[in-house]
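This is target.tsv. It holds TSV, C-alpha atoms and all ligand atoms.
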```
chain	number	residue	atom	x	y	z
L	1	MET	CA	130.24	215.29	46.32
L	2	LYS	CA	129.35	211.91	47.71
L	3	PHE	CA	129.63	210.08	50.99
L	4	SER	CA	133.03	208.62	51.88
L	5	PRO	CA	133.87	205.61	49.67
L	6	VAL	CA	133.13	202.96	52.31
L	7	VAL	CA	129.80	204.58	53.31
L	8	GLN	CA	128.82	204.95	49.64
L	9	GLU	CA	129.73	201.32	48.95
L	10	LEU	CA	127.48	200.20	51.83
L	11	ILE	CA	124.57	202.33	50.55
L	12	ASP	CA	124.99	200.93	47.02
L	13	ALA	CA	125.18	197.35	48.33
L	14	LEU	CA	121.97	197.76	50.37
L	15	LYS	CA	120.11	198.60	47.16
L	16	CYS	CA	120.33	194.92	46.15
L	17	LEU	CA	117.57	194.25	48.71
L	18	PRO	CA	114.08	194.11	47.14
L	19	GLY	CA	112.05	197.27	47.69
L	20	VAL	CA	115.07	199.27	48.86
L	21	GLY	CA	115.84	202.42	46.83
L	22	ALA	CA	118.53	205.07	47.29
L	23	LYS	CA	116.82	206.89	50.16
L	24	SER	CA	115.94	203.73	52.13
L	25	ALA	CA	119.45	202.37	51.63
L	26	GLN	CA	120.88	205.61	53.00
L	27	ARG	CA	118.56	205.49	56.00
L	28	MET	CA	119.49	201.86	56.68
L	29	ALA	CA	123.23	202.57	56.41
L	30	PHE	CA	123.02	205.53	58.81
L	31	HIS	CA	120.87	203.56	61.24
L	32	LEU	CA	123.37	200.70	61.39
L	33	LEU	CA	126.42	202.97	61.57
L	34	GLU	CA	124.91	205.23	64.21
L	35	ARG	CA	122.79	202.92	66.33
L	36	ASN	CA	123.40	199.25	65.65
L	37	ARG	CA	126.93	198.31	64.63
L	38	LYS	CA	126.56	194.98	66.41
L	39	GLY	CA	123.41	194.18	64.42
L	40	GLY	CA	125.16	195.25	61.21
L	41	ALA	CA	128.15	193.02	61.94
L	42	LYS	CA	125.84	190.11	62.76
L	43	LEU	CA	123.92	190.67	59.50
L	44	ALA	CA	127.21	190.69	57.56
L	45	HIS	CA	128.15	187.36	59.11
L	46	SER	CA	124.71	185.77	58.59
L	47	LEU	CA	124.60	186.93	54.98
L	48	GLU	CA	128.06	185.63	54.19
L	49	LYS	CA	127.22	182.27	55.78
L	50	ALA	CA	123.82	181.94	54.08
L	51	MET	CA	125.07	182.96	50.63
L	52	THR	CA	127.80	180.32	50.71
L	53	GLU	CA	126.18	177.50	52.69
L	54	ILE	CA	122.53	177.45	51.66
L	55	GLY	CA	121.64	175.18	48.78
L	56	HIS	CA	118.51	173.33	47.73
L	57	CYS	CA	117.25	170.08	49.28
L	58	GLN	CA	117.99	167.28	46.82
L	59	GLU	CA	114.45	165.98	47.11
L	60	CYS	CA	112.07	168.87	47.67
L	61	ARG	CA	114.20	171.84	46.49
L	62	ASN	CA	113.54	173.82	49.67
L	63	PHE	CA	116.37	175.97	51.00
L	64	THR	CA	118.68	174.10	53.35
L	65	GLU	CA	122.34	173.98	54.34
L	66	PHE	CA	122.14	170.14	54.32
L	67	ASP	CA	121.78	167.63	51.45
L	68	LEU	CA	118.24	166.93	52.60
L	69	CYS	CA	116.01	169.35	54.50
L	70	GLU	CA	114.60	168.54	57.93
L	71	ILE	CA	111.29	167.33	56.47
L	72	CYS	CA	112.85	165.11	53.82
L	73	GLN	CA	115.17	163.67	56.47
L	74	SER	CA	112.23	162.65	58.69
L	75	PRO	CA	111.78	158.83	58.64
L	76	LYS	CA	108.00	159.17	58.95
L	77	ARG	CA	107.75	161.53	55.98
L	78	LYS	CA	110.01	159.40	53.80
L	79	LEU	CA	107.28	156.75	53.56
L	80	SER	CA	104.45	159.15	52.80
L	81	THR	CA	102.52	158.68	49.55
L	82	ASN	CA	101.27	162.30	49.60
L	83	LEU	CA	103.14	165.10	47.90
L	84	CYS	CA	102.22	168.74	48.40
L	85	ILE	CA	103.51	171.10	45.73
L	86	VAL	CA	104.03	174.72	46.71
L	87	GLU	CA	105.61	177.80	45.20
L	88	SER	CA	107.84	178.96	48.03
L	89	PRO	CA	109.55	177.95	51.31
L	90	GLY	CA	107.19	180.30	53.16
L	91	ASP	CA	104.26	178.19	51.94
L	92	VAL	CA	105.80	175.07	53.50
L	93	ILE	CA	105.97	176.86	56.86
L	94	ALA	CA	102.38	178.06	56.52
L	95	ILE	CA	101.06	174.57	55.73
L	96	GLU	CA	103.17	172.92	58.44
L	97	GLN	CA	101.65	175.32	60.95
L	98	THR	CA	98.15	174.04	60.19
L	99	GLY	CA	99.22	170.54	61.30
L	100	GLU	CA	96.87	169.14	58.60
L	101	PHE	CA	99.53	167.68	56.36
L	102	THR	CA	102.15	165.07	57.22
L	103	GLY	CA	103.36	164.13	53.76
L	104	LYS	CA	106.22	165.40	51.66
L	105	TYR	CA	106.65	168.68	49.80
L	106	PHE	CA	108.01	169.86	46.53
L	107	VAL	CA	108.99	173.52	46.43
L	108	LEU	CA	108.88	175.06	42.97
L	109	MET	CA	110.68	178.26	44.01
L	110	GLY	CA	108.37	180.25	41.78
L	111	HIS	CA	105.77	179.64	39.10
L	112	LEU	CA	105.72	179.26	35.34
L	113	SER	CA	106.24	182.66	33.77
L	114	PRO	CA	107.12	182.60	30.06
L	115	ILE	CA	107.48	186.40	30.01
L	116	ASP	CA	110.26	186.20	32.62
L	117	GLY	CA	111.76	183.17	30.89
L	118	ILE	CA	110.81	180.82	33.75
L	119	GLY	CA	109.98	177.44	32.24
L	120	PRO	CA	109.31	173.94	33.65
L	121	ASN	CA	112.95	173.06	34.25
L	122	ASP	CA	113.56	176.27	36.21
L	123	LEU	CA	110.92	175.01	38.64
L	124	GLY	CA	112.57	171.58	38.87
L	125	LEU	CA	109.71	169.87	37.05
L	126	ASP	CA	112.23	167.47	35.49
L	127	ILE	CA	113.16	166.36	39.03
L	128	LEU	CA	109.46	166.19	39.92
L	129	ALA	CA	108.73	163.95	36.90
L	130	LYS	CA	111.36	161.49	38.14
L	131	GLN	CA	109.69	161.43	41.56
L	132	PHE	CA	106.33	160.77	39.89
L	133	ALA	CA	107.96	157.96	37.86
L	134	SER	CA	109.38	156.38	41.03
L	135	GLY	CA	105.85	155.36	42.01
L	136	GLN	CA	106.16	156.64	45.60
L	137	PHE	CA	103.27	159.06	45.38
L	138	GLU	CA	99.58	158.22	45.19
L	139	GLU	CA	98.26	161.73	45.66
L	140	VAL	CA	99.60	165.08	44.63
L	141	ILE	CA	98.16	168.17	46.30
L	142	LEU	CA	98.52	171.20	44.07
L	143	ALA	CA	99.03	174.03	46.55
L	144	THR	CA	100.37	176.74	44.25
L	145	ASN	CA	98.99	180.23	44.79
L	146	PRO	CA	95.45	180.91	43.51
L	147	THR	CA	96.76	183.44	41.00
L	148	VAL	CA	96.77	183.23	37.20
L	149	GLU	CA	100.39	182.00	37.17
L	150	GLY	CA	99.79	179.65	40.10
L	151	GLU	CA	96.78	178.09	38.35
L	152	ALA	CA	98.70	177.70	35.10
L	153	THR	CA	101.54	176.03	36.97
L	154	ALA	CA	99.10	173.72	38.78
L	155	HIS	CA	97.54	172.79	35.44
L	156	TYR	CA	100.93	171.99	33.93
L	157	ILE	CA	101.88	169.78	36.88
L	158	ALA	CA	98.48	168.08	36.82
L	159	GLU	CA	99.10	167.06	33.21
L	160	LEU	CA	102.44	165.66	34.26
L	161	ALA	CA	100.97	163.71	37.22
L	162	ASN	CA	98.22	162.45	34.96
L	163	GLU	CA	100.78	160.74	32.76
L	164	TYR	CA	101.74	158.64	35.77
L	165	SER	CA	98.13	158.03	36.83
L	166	ILE	CA	98.66	159.85	40.12
L	167	SER	CA	95.57	161.21	41.86
L	168	MET	CA	95.55	165.00	41.95
L	169	SER	CA	93.85	167.54	44.18
L	170	ARG	CA	93.90	171.30	44.39
L	171	ILE	CA	93.54	173.16	47.69
L	172	ALA	CA	90.35	175.05	47.39
L	173	HIS	CA	87.92	176.44	49.93
L	174	GLY	CA	88.87	179.50	51.82
L	175	VAL	CA	91.92	180.65	49.94
L	176	PRO	CA	90.94	184.03	48.51
L	177	VAL	CA	91.42	184.16	44.75
L	178	GLY	CA	94.25	186.48	43.74
L	179	GLY	CA	95.79	186.21	47.20
L	180	GLU	CA	99.09	184.74	48.32
L	181	LEU	CA	99.11	181.46	50.19
L	182	GLU	CA	101.57	182.37	52.89
L	183	TYR	CA	99.53	185.36	54.07
L	184	VAL	CA	96.39	183.31	54.71
L	185	ASP	CA	95.56	182.56	58.35
L	186	GLY	CA	96.06	178.99	59.63
L	187	ASN	CA	92.36	178.24	60.09
L	188	THR	CA	91.48	179.21	56.53
L	189	LEU	CA	94.38	177.17	55.25
L	190	SER	CA	93.21	174.14	57.30
L	191	HIS	CA	89.80	174.36	55.61
L	192	ALA	CA	91.43	174.77	52.22
L	193	LEU	CA	93.42	171.60	52.79
L	194	SER	CA	90.67	169.41	54.18
L	195	GLY	CA	88.20	170.70	51.58
L	196	ARG	CA	90.50	169.94	48.66
L	197	LYS	CA	88.85	168.44	45.60
L	198	GLN	CA	89.81	166.19	42.72
L	199	TYR	CA	91.63	168.07	40.00
L	200	SER	CA	90.25	167.52	36.51
L	201	LEU	CA	92.07	168.58	33.40
J	1	MET	CA	108.57	174.06	62.28
J	2	LYS	CA	110.89	176.79	61.13
J	3	PHE	CA	113.23	177.43	58.24
J	4	SER	CA	116.60	175.69	58.32
J	5	PRO	CA	118.87	177.23	61.00
J	6	VAL	CA	121.06	179.21	58.59
J	7	VAL	CA	118.04	180.58	56.68
J	8	GLN	CA	116.30	181.49	59.94
J	9	GLU	CA	119.43	183.22	61.21
J	10	LEU	CA	119.58	185.32	58.04
J	11	ILE	CA	115.90	186.29	58.37
J	12	ASP	CA	116.38	187.27	62.02
J	13	ALA	CA	119.51	189.27	61.21
J	14	LEU	CA	117.73	191.21	58.44
J	15	LYS	CA	115.20	192.43	61.01
J	16	CYS	CA	117.88	194.75	62.45
J	17	LEU	CA	117.31	197.00	59.41
J	18	PRO	CA	114.93	199.90	60.14
J	19	GLY	CA	111.41	199.33	58.78
J	20	VAL	CA	112.01	195.63	58.13
J	21	GLY	CA	109.64	193.23	59.91
J	22	ALA	CA	109.37	189.43	59.80
J	23	LYS	CA	107.64	189.24	56.41
J	24	SER	CA	109.94	191.74	54.68
J	25	ALA	CA	112.99	190.00	56.14
J	26	GLN	CA	111.74	186.68	54.77
J	27	ARG	CA	111.11	188.20	51.34
J	28	MET	CA	114.59	189.76	51.32
J	29	ALA	CA	116.27	186.51	52.37
J	30	PHE	CA	114.48	184.50	49.66
J	31	HIS	CA	115.22	187.12	47.05
J	32	LEU	CA	118.95	187.08	47.79
J	33	LEU	CA	119.12	183.28	48.07
J	34	GLU	CA	117.15	182.69	44.92
J	35	ARG	CA	118.07	185.54	42.64
J	36	ASN	CA	121.05	187.53	43.85
J	37	ARG	CA	123.69	185.56	45.77
J	38	LYS	CA	126.38	187.79	44.33
J	39	GLY	CA	124.58	190.90	45.61
J	40	GLY	CA	124.11	189.23	49.00
J	41	ALA	CA	127.79	188.34	49.24
J	42	LYS	CA	128.75	191.87	48.23
J	43	LEU	CA	126.41	193.31	50.86
J	44	ALA	CA	127.96	191.02	53.50
J	45	HIS	CA	131.40	192.30	52.58
J	46	SER	CA	130.39	195.97	52.46
J	47	LEU	CA	128.61	195.71	55.80
J	48	GLU	CA	131.52	194.02	57.51
J	49	LYS	CA	133.91	196.63	56.14
J	50	ALA	CA	131.69	199.60	57.01
J	51	MET	CA	130.87	198.40	60.53
J	52	THR	CA	134.57	198.03	61.39
J	53	GLU	CA	136.17	200.85	59.38
J	54	ILE	CA	133.74	203.76	59.51
J	55	GLY	CA	134.25	206.23	62.31
J	56	HIS	CA	133.52	209.92	62.78
J	57	CYS	CA	135.56	212.77	61.32
J	58	GLN	CA	137.58	214.30	64.17
J	59	GLU	CA	136.50	217.79	63.20
J	60	CYS	CA	132.98	217.67	61.78
J	61	ARG	CA	131.75	214.29	63.13
J	62	ASN	CA	130.56	213.14	59.68
J	63	PHE	CA	130.97	209.44	58.86
J	64	THR	CA	134.34	208.64	57.34
J	65	GLU	CA	136.89	205.84	57.24
J	66	PHE	CA	139.67	208.46	57.62
J	67	ASP	CA	140.69	210.68	60.55
J	68	LEU	CA	139.34	213.68	58.69
J	69	CYS	CA	136.60	213.58	56.06
J	70	GLU	CA	137.14	214.78	52.51
J	71	ILE	CA	135.69	218.23	53.26
J	72	CYS	CA	137.72	218.79	56.44
J	73	GLN	CA	140.86	217.64	54.55
J	74	SER	CA	140.35	220.26	51.82
J	75	PRO	CA	142.97	223.05	52.18
J	76	LYS	CA	140.47	225.67	50.94
J	77	ARG	CA	137.84	224.69	53.50
J	78	LYS	CA	140.32	224.61	56.37
J	79	LEU	CA	140.64	228.42	56.22
J	80	SER	CA	136.91	229.11	56.03
J	81	THR	CA	135.35	231.24	58.74
J	82	ASN	CA	131.86	229.89	58.03
J	83	LEU	CA	130.47	226.84	59.82
J	84	CYS	CA	127.25	225.15	58.75
J	85	ILE	CA	125.64	222.96	61.39
J	86	VAL	CA	123.42	220.11	60.19
J	87	GLU	CA	121.71	217.10	61.72
J	88	SER	CA	122.84	214.34	59.38
J	89	PRO	CA	125.40	213.32	56.73
J	90	GLY	CA	122.60	213.39	54.14
J	91	ASP	CA	122.13	217.11	54.85
J	92	VAL	CA	125.81	217.76	54.02
J	93	ILE	CA	125.33	216.08	50.63
J	94	ALA	CA	122.14	218.08	49.98
J	95	ILE	CA	123.82	221.41	50.81
J	96	GLU	CA	126.99	220.55	48.85
J	97	GLN	CA	124.83	219.87	45.82
J	98	THR	CA	123.47	223.45	45.87
J	99	GLY	CA	127.03	224.76	45.42
J	100	GLU	CA	126.04	227.74	47.61
J	101	PHE	CA	128.28	226.93	50.55
J	102	THR	CA	132.04	226.53	50.60
J	103	GLY	CA	132.70	226.62	54.33
J	104	LYS	CA	132.99	223.87	56.91
J	105	TYR	CA	130.33	221.66	58.45
J	106	PHE	CA	129.49	220.27	61.83
J	107	VAL	CA	127.29	217.17	61.76
J	108	LEU	CA	125.26	216.66	64.94
J	109	MET	CA	124.17	213.10	64.02
J	110	GLY	CA	120.72	213.83	65.41
J	111	HIS	CA	119.01	216.53	67.45
J	112	LEU	CA	118.39	217.24	71.12
J	113	SER	CA	115.76	214.84	72.41
J	114	PRO	CA	115.52	214.65	76.20
J	115	ILE	CA	112.84	211.91	75.94
J	116	ASP	CA	115.28	209.64	74.10
J	117	GLY	CA	118.09	210.66	76.43
J	118	ILE	CA	119.93	212.57	73.70
J	119	GLY	CA	121.64	215.53	75.30
J	120	PRO	CA	124.22	218.13	74.13
J	121	ASN	CA	127.24	215.87	74.52
J	122	ASP	CA	125.63	213.12	72.43
J	123	LEU	CA	125.55	215.64	69.59
J	124	GLY	CA	129.19	216.58	70.13
J	125	LEU	CA	128.35	220.06	71.38
J	126	ASP	CA	131.33	219.87	73.73
J	127	ILE	CA	133.56	219.48	70.65
J	128	LEU	CA	131.65	222.28	68.92
J	129	ALA	CA	132.20	224.60	71.90
J	130	LYS	CA	135.95	224.07	71.57
J	131	GLN	CA	135.77	224.96	67.89
J	132	PHE	CA	133.84	228.12	68.78
J	133	ALA	CA	136.49	228.92	71.41
J	134	SER	CA	139.30	228.50	68.87
J	135	GLY	CA	138.16	231.70	67.18
J	136	GLN	CA	138.20	230.24	63.65
J	137	PHE	CA	134.56	230.92	62.93
J	138	GLU	CA	132.91	234.25	62.32
J	139	GLU	CA	129.55	232.97	61.18
J	140	VAL	CA	127.57	229.92	62.15
J	141	ILE	CA	124.73	228.82	59.86
J	142	LEU	CA	122.14	226.86	61.80
J	143	ALA	CA	120.86	224.35	59.24
J	144	THR	CA	119.11	221.88	61.50
J	145	ASN	CA	115.73	220.60	60.29
J	146	PRO	CA	112.77	223.01	60.61
J	147	THR	CA	111.07	220.67	63.10
J	148	VAL	CA	110.37	221.25	66.79
J	149	GLU	CA	113.49	219.29	67.79
J	150	GLY	CA	115.59	220.92	65.08
J	151	GLU	CA	114.53	224.41	66.20
J	152	ALA	CA	115.24	223.58	69.85
J	153	THR	CA	118.66	222.28	68.88
J	154	ALA	CA	119.36	225.41	66.79
J	155	HIS	CA	118.33	227.57	69.73
J	156	TYR	CA	120.66	225.70	72.09
J	157	ILE	CA	123.59	226.05	69.68
J	158	ALA	CA	122.78	229.73	69.10
J	159	GLU	CA	123.10	230.34	72.85
J	160	LEU	CA	126.46	228.59	72.77
J	161	ALA	CA	127.70	230.59	69.76
J	162	ASN	CA	126.48	233.77	71.40
J	163	GLU	CA	128.84	233.20	74.34
J	164	TYR	CA	131.72	233.43	71.88
J	165	SER	CA	130.24	236.46	70.06
J	166	ILE	CA	129.94	234.51	66.82
J	167	SER	CA	127.45	235.78	64.26
J	168	MET	CA	124.57	233.33	63.76
J	169	SER	CA	122.13	232.75	60.94
J	170	ARG	CA	119.33	230.28	60.36
J	171	ILE	CA	118.46	228.94	56.89
J	172	ALA	CA	115.01	230.21	56.19
J	173	HIS	CA	113.05	230.85	53.02
J	174	GLY	CA	111.72	227.90	51.15
J	175	VAL	CA	112.27	225.08	53.59
J	176	PRO	CA	108.78	223.82	54.39
J	177	VAL	CA	108.08	223.82	58.13
J	178	GLY	CA	107.83	220.32	59.54
J	179	GLY	CA	109.79	218.91	56.59
J	180	GLU	CA	113.15	217.22	56.47
J	181	LEU	CA	116.08	219.10	55.00
J	182	GLU	CA	117.54	216.35	52.88
J	183	TYR	CA	114.31	215.81	50.95
J	184	VAL	CA	114.09	219.42	49.79
J	185	ASP	CA	115.02	220.10	46.15
J	186	GLY	CA	118.29	221.85	45.41
J	187	ASN	CA	116.74	225.07	44.15
J	188	THR	CA	114.63	225.55	47.28
J	189	LEU	CA	117.63	224.80	49.42
J	190	SER	CA	119.71	227.39	47.48
J	191	HIS	CA	117.09	230.03	48.27
J	192	ALA	CA	116.97	228.95	51.88
J	193	LEU	CA	120.73	229.40	52.14
J	194	SER	CA	121.03	232.73	50.34
J	195	GLY	CA	117.95	234.09	52.16
J	196	ARG	CA	119.25	233.18	55.60
J	197	LYS	CA	118.70	235.76	58.30
J	198	GLN	CA	120.29	236.83	61.55
J	199	TYR	CA	119.35	234.54	64.43
J	200	SER	CA	118.12	236.37	67.51
J	201	LEU	CA	117.69	234.68	70.85
L	301	ZN	ZN	113.48	168.52	51.40
L	302	ZN	ZN	134.95	216.36	58.57
```
In structure tokens, what does this structure look like?
Amino acid sequence: MKFSPVVQELIDALKCLPGVGAKSAQRMAFHLLERNRKGGAKLAHSLEKAMTEIGHCQECRNFTEFDLCEICQSPKRKLSTNLCIVESPGDVIAIEQTGEFTGKYFVLMGHLSPIDGIGPNDLGLDILAKQFASGQFEEVILATNPTVEGEATAHYIAELANEYSISMSRIAHGVPVGGELEYVDGNTLSHALSGRKQYSL
Amino acid sequence: MKFSPVVQELIDALKCLPGVGAKSAQRMAFHLLERNRKGGAKLAHSLEKAMTEIGHCQECRNFTEFDLCEICQSPKRKLSTNLCIVESPGDVIAIEQTGEFTGKYFVLMGHLSPIDGIGPNDLGLDILAKQFASGQFEEVILATNPTVEGEATAHYIAELANEYSISMSRIAHGVPVGGELEYVDGNTLSHALSGRKQYSL
């Protein structure tokens, strides 16, 4: 015996969320059905809209429902010669909140991970190479996470930037090794940015 | 600076799920956008359908998209003189899986909680009283959770059943005190059902 088909379908569908197993999915379904139908309906609508409308910014790869994201659309940013390379959209938010950086971003949407089959092109490094070739950027800030994969990814990109004689730096002081960039407090991140140092291969 | 409006709306909407804060919502949104758009779209559809179609069974109050749930529709169950009263739909599933009970259910969808403003009518006890009055039931099994609230609710229902001279029992052996019924293993629950004892006020 199972729940009624529509209830069971909802529970099964909720399991597509990361970290949500059978018991959590059941609890979520009951909570919405019993206490927050309005919230559930709103979530259905937001999900449907996001899944169909959200794409990647043509320049920085960040999530956006437009061709270019808000940052890439900004006239002031367009002329910047600084490019900050991060792993995720959350990292962009975190760095923007420090107010220390006014250049452009490139969002990898992950890091190199041969085991998971994630190679350079999955991170848009072919697009990035074209941006390097365009000659717009004088400095590239490697702001990937200070993890093994993040460092390997930074190293790979540094080799790429080096081919185009672009100056490279790696955010450094204050970011705890093994930690995740977006969970670092703004002050620490400010120090990490201003204390960045030349990246040597 | 925030995420693009549609992304931000999705993150905010995900926070309506129990136990999901800002960071989890962000992680869920990115996961769906980046790795499982199909799952996200399916979830949107399932949610929309469930929020509009799911109601309560007219007899037992369990969630169902029909007037009567599968159990209340069953011709064999309709004639049963045994009624098992539980707090949640998950409890029905747990008891059904023991195979020890072939009577009808009444699902309270919670327990008495004066602090939260949950009184007898919120649990459908007015509907339950009518079922008691109908004379169909000879025995009522009080299978609310063995928590303070669950015991208080069982006691309240026992007083109600007593008015109609219906025999009452409370599931007993094996259910750990302070635990939640639906997390108990099937074997323990079987013992708790077969070892039920007369409920005295
Ligand atoms: Zn962009
Ligand atoms: Zn029913």
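Atom pair CA of Thr81 in chain J / CA of Val140 in chain J has a distance of 8.6 Å (rounded to one decimal).
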Q | Expected answer as a count of residues only: all residues with atoms within 8 Å of (133.1, 225.0, 54.6), only C-alpha atoms | A | 14
Q | 7 Å contacts from chain L to chain J using all atoms listed in the file, as a PyMOL selection string | A | chain L and resi 1-2+4+6-7+9-10+13-14+16-18+28+33+37+39-48+50-51+64-65+93+96
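Across the model, the gap from CA of Tyr156 in chain L to CA of Pro120 in chain L is 8.6 Å.
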Excluding Leu108 in chain L and residues on its chain fewer than 6 positions from it, collect all residues at most 10 Å away from it, counting only C-alpha atoms, and give them as an mmCIF file with C-alpha atoms, in the coordinates of the input.
```cif
data_model
loop_
_atom_site.group_PDB
_atom_site.id
_atom_site.type_symbol
_atom_site.label_atom_id
_atom_site.label_comp_id
_atom_site.auth_asym_id
_atom_site.auth_seq_id
_atom_site.Cartn_x
_atom_site.Cartn_y
_atom_site.Cartn_z
ATOM 1 C CA CYS L 60 112.070 168.870 47.670
ATOM 2 C CA ARG L 61 114.200 171.840 46.490
ATOM 3 C CA ASN L 62 113.540 173.820 49.670
ATOM 4 C CA ILE L 85 103.510 171.100 45.730
ATOM 5 C CA VAL L 86 104.030 174.720 46.710
ATOM 6 C CA GLU L 87 105.610 177.800 45.200
ATOM 7 C CA SER L 88 107.840 178.960 48.030
ATOM 8 C CA PRO L 89 109.550 177.950 51.310
ATOM 9 C CA PRO L 120 109.310 173.940 33.650
ATOM 10 C CA ASN L 121 112.950 173.060 34.250
ATOM 11 C CA ASP L 122 113.560 176.270 36.210
ATOM 12 C CA LEU L 123 110.920 175.010 38.640
ATOM 13 C CA GLY L 124 112.570 171.580 38.870
ATOM 14 C CA LEU L 125 109.710 169.870 37.050
ATOM 15 C CA LEU L 128 109.460 166.190 39.920
ATOM 16 C CA THR L 144 100.370 176.740 44.250
ATOM 17 C CA THR L 153 101.540 176.030 36.970
#
```
Q: May I ask for the distance between CA of Ser134 in chain J and CA of Asn162 in chain J, given in Å to one decimal place?
A: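 So the two atoms, CA of Ser134 in chain J and CA of Asn162 in chain J, lie 14.1 Å apart.
The nearest approach to ligand ZN 301 (chain L) among the residues L:Ile157, L:Cys57, L:Val148, L:Leu112, with only C-alpha atoms and all ligand atoms taken into account, belongs to L:Cys57.
Ranking L:Ser194, L:Ser165, L:Gly21, L:Asp67 by their shortest atom-to-atom distance to ligand ZN 301 (chain L), with only C-alpha atoms and all ligand atoms included, puts L:Asp67 first.
Minimum distance to ligand ZN 301 (chain L) across L:Leu181, L:Ile118, L:Ala158, L:Leu68 (counting all atoms listed in the file) occurs at L:Leu68.
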Edge lengths and centre, in Å to one decimal, as JSON: that's what I need for the box along x, y and z that holds all listed atoms of range 138-144 of chain J plus 8 Å on each side.
```
{"center_x": 126.0, "center_y": 228.1, "center_z": 60.8, "size_x": 29.8, "size_y": 28.4, "size_z": 19.1}
```
